[in-house]
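Here is the structure we will look at, set down as structure tokens.
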Amino acid sequence: GAVVSQHPSRVICKSGTSVKIECRSLDFQATTMFWYRQFPKQSLMLMATSNEGSKATYEQGVEKDKFLINHASLTLSTLTVTSAHPEDSSFYICSARSRGSNEQYFGPGTRLTVT
Amino acid sequence: LAKTTQPISMDSYEGQEVNITCSHNNIATNDYITWYQQFPSQGPRFIIQGYKTKVTNEVASLFIPADRKSSTLSLPRVSLSDTAVYYCLVGDVRLYNFNKFYFGSGTKLNVKP
């Protein structure tokens, strides 16, 4: 099946710094990628939808200037958490949809801890 | 924005069949029903997807009544490793649609020995 990877799997950063999370589709071209955030014991919350070569569409309540999303190629999307604060600590998960498929493939997630 | 309602948790024993029902009263004509499984600190894993009637694959069956306002995921003979959260999602999966998924609360299945 299609594989989506994320890097890093976990990251610890200091408050005020920025951190970038990569999401890659390893064996297919992802025309659309999605970013989710999941707090402990809660469900996944959709943050934004990104299409290759165009600006991301953010869900209501998600700050686009704080969570920068770039979908520069058909196999890579990045999420940059800018000026991170402890409340941004969460599990970030990406998913990707390939051209010609109606299935969404999820990455393994990235655990972000802001100290 | 989640369009689904599921029981928060369920308990079962190894070897039993487990049925998890999901309500989606406002399902749209073009919406499909998709179920995912999630283990702690992992991304969701696709289980099964259907539009109507019954769908079966190697791990589960999905039953969808004619009015499509609910669906039931059936897991045959569960094992301890099936302990996870199960999410039911509805969405338009047509090829040229963004296919956004809004996750509901999910059902925490606890399989006991």
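We name chains A, B, ... following the order of the structure tokens; residues begin at 1 in each chain, and ligands are numbered from 1 as shown.
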Counting only C-alpha atoms, a student should be able to say which residues of chain A come within 9 Å of chain B; what is the right answer, written as an MDAnalysis selection string? chainID A and resid 32 34 41:46 49 51 91 93:95 97 99:111
Can you tell me which residues surround range 10-22 of chain A at a distance of at most 6 Å, considering only C-alpha atoms, apart from same-chain residues fewer than 2 positions away, and format the answer as JSON, numbers by chain? {"A": [6, 7, 8, 78, 79, 80, 81, 82, 83, 84, 85, 110, 111, 112, 113, 114, 115]}
For His24 in chain B: contacts at 7 Å, only C-alpha atoms, fewer than 4 positions along chain excluded, given as a PDB file with all heavy atoms, in the first residue's frame:
```
ATOM      1  N   LYS B   3     -19.434  14.977  11.394  1.00  0.00           N
ATOM      2  CA  LYS B   3     -20.787  14.639  11.007  1.00  0.00           C
ATOM      3  C   LYS B   3     -21.220  13.298  11.554  1.00  0.00           C
ATOM      4  O   LYS B   3     -22.198  12.743  11.084  1.00  0.00           O
ATOM      5  CB  LYS B   3     -20.867  14.617   9.489  1.00  0.00           C
ATOM      6  CG  LYS B   3     -20.499  15.941   8.824  1.00  0.00           C
ATOM      7  CD  LYS B   3     -20.853  15.908   7.344  1.00  0.00           C
ATOM      8  CE  LYS B   3     -19.656  15.580   6.506  1.00  0.00           C
ATOM      9  NZ  LYS B   3     -19.936  15.675   5.053  1.00  0.00           N
ATOM     10  N   THR B   4     -20.461  12.758  12.490  1.00  0.00           N
ATOM     11  CA  THR B   4     -20.739  11.408  12.972  1.00  0.00           C
ATOM     12  C   THR B   4     -20.848  11.348  14.484  1.00  0.00           C
ATOM     13  O   THR B   4     -20.280  12.185  15.190  1.00  0.00           O
ATOM     14  CB  THR B   4     -19.631  10.444  12.529  1.00  0.00           C
ATOM     15  OG1 THR B   4     -18.389  10.888  13.099  1.00  0.00           O
ATOM     16  CG2 THR B   4     -19.507  10.407  11.019  1.00  0.00           C
ATOM     17  N   THR B   5     -21.580  10.333  14.975  1.00  0.00           N
ATOM     18  CA  THR B   5     -21.708  10.072  16.399  1.00  0.00           C
ATOM     19  C   THR B   5     -21.437   8.605  16.650  1.00  0.00           C
ATOM     20  O   THR B   5     -22.043   7.746  15.998  1.00  0.00           O
ATOM     21  CB  THR B   5     -23.115  10.424  16.902  1.00  0.00           C
ATOM     22  OG1 THR B   5     -23.400  11.795  16.613  1.00  0.00           O
ATOM     23  CG2 THR B   5     -23.206  10.215  18.403  1.00  0.00           C
ATOM     24  N   LYS B  69     -28.112   6.306   7.049  1.00  0.00           N
ATOM     25  CA  LYS B  69     -27.982   7.236   8.175  1.00  0.00           C
ATOM     26  C   LYS B  69     -27.155   6.652   9.312  1.00  0.00           C
ATOM     27  O   LYS B  69     -26.924   7.306  10.333  1.00  0.00           O
ATOM     28  CB  LYS B  69     -29.363   7.647   8.676  1.00  0.00           C
ATOM     29  CG  LYS B  69     -30.154   8.497   7.672  1.00  0.00           C
ATOM     30  CD  LYS B  69     -31.472   8.941   8.249  1.00  0.00           C
ATOM     31  CE  LYS B  69     -32.269   9.745   7.232  1.00  0.00           C
ATOM     32  NZ  LYS B  69     -31.564  10.989   6.819  1.00  0.00           N
ATOM     33  N   SER B  70     -26.734   5.429   9.147  1.00  0.00           N
ATOM     34  CA  SER B  70     -25.849   4.810  10.132  1.00  0.00           C
ATOM     35  C   SER B  70     -25.007   3.756   9.419  1.00  0.00           C
ATOM     36  O   SER B  70     -25.280   3.411   8.261  1.00  0.00           O
ATOM     37  CB  SER B  70     -26.650   4.155  11.266  1.00  0.00           C
ATOM     38  OG  SER B  70     -27.385   3.054  10.760  1.00  0.00           O
TER      39      SER B  70
END
```
Residues within 6 Å of Leu74 in chain A, only C-alpha atoms, excluding chain neighbours under 6 positions, as a PyMOL selection string: chain A and resi 29-31+52
Got a sec to tell me which of range 39-80 of chain B DSSP assigns to strand (DSSP E or B), as a list in words?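 Strand (DSSP E or B) assignments inside range 39-80 of chain B correspond to Arg45, Phe46, Ile47, Ile48, Gln49, Gly50, Thr53, Lys54, Val55, Thr56, Ser61, Leu62, Phe63, Ile64, Ser70, Ser71, Thr72, Leu73, Ser74 and Leu75 of chain B.
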Val111 in chain B proximity check over B:Asp11, B:Asp31, B:Asp67, B:Glu58, using only C-alpha atoms: winner is B:Asp11
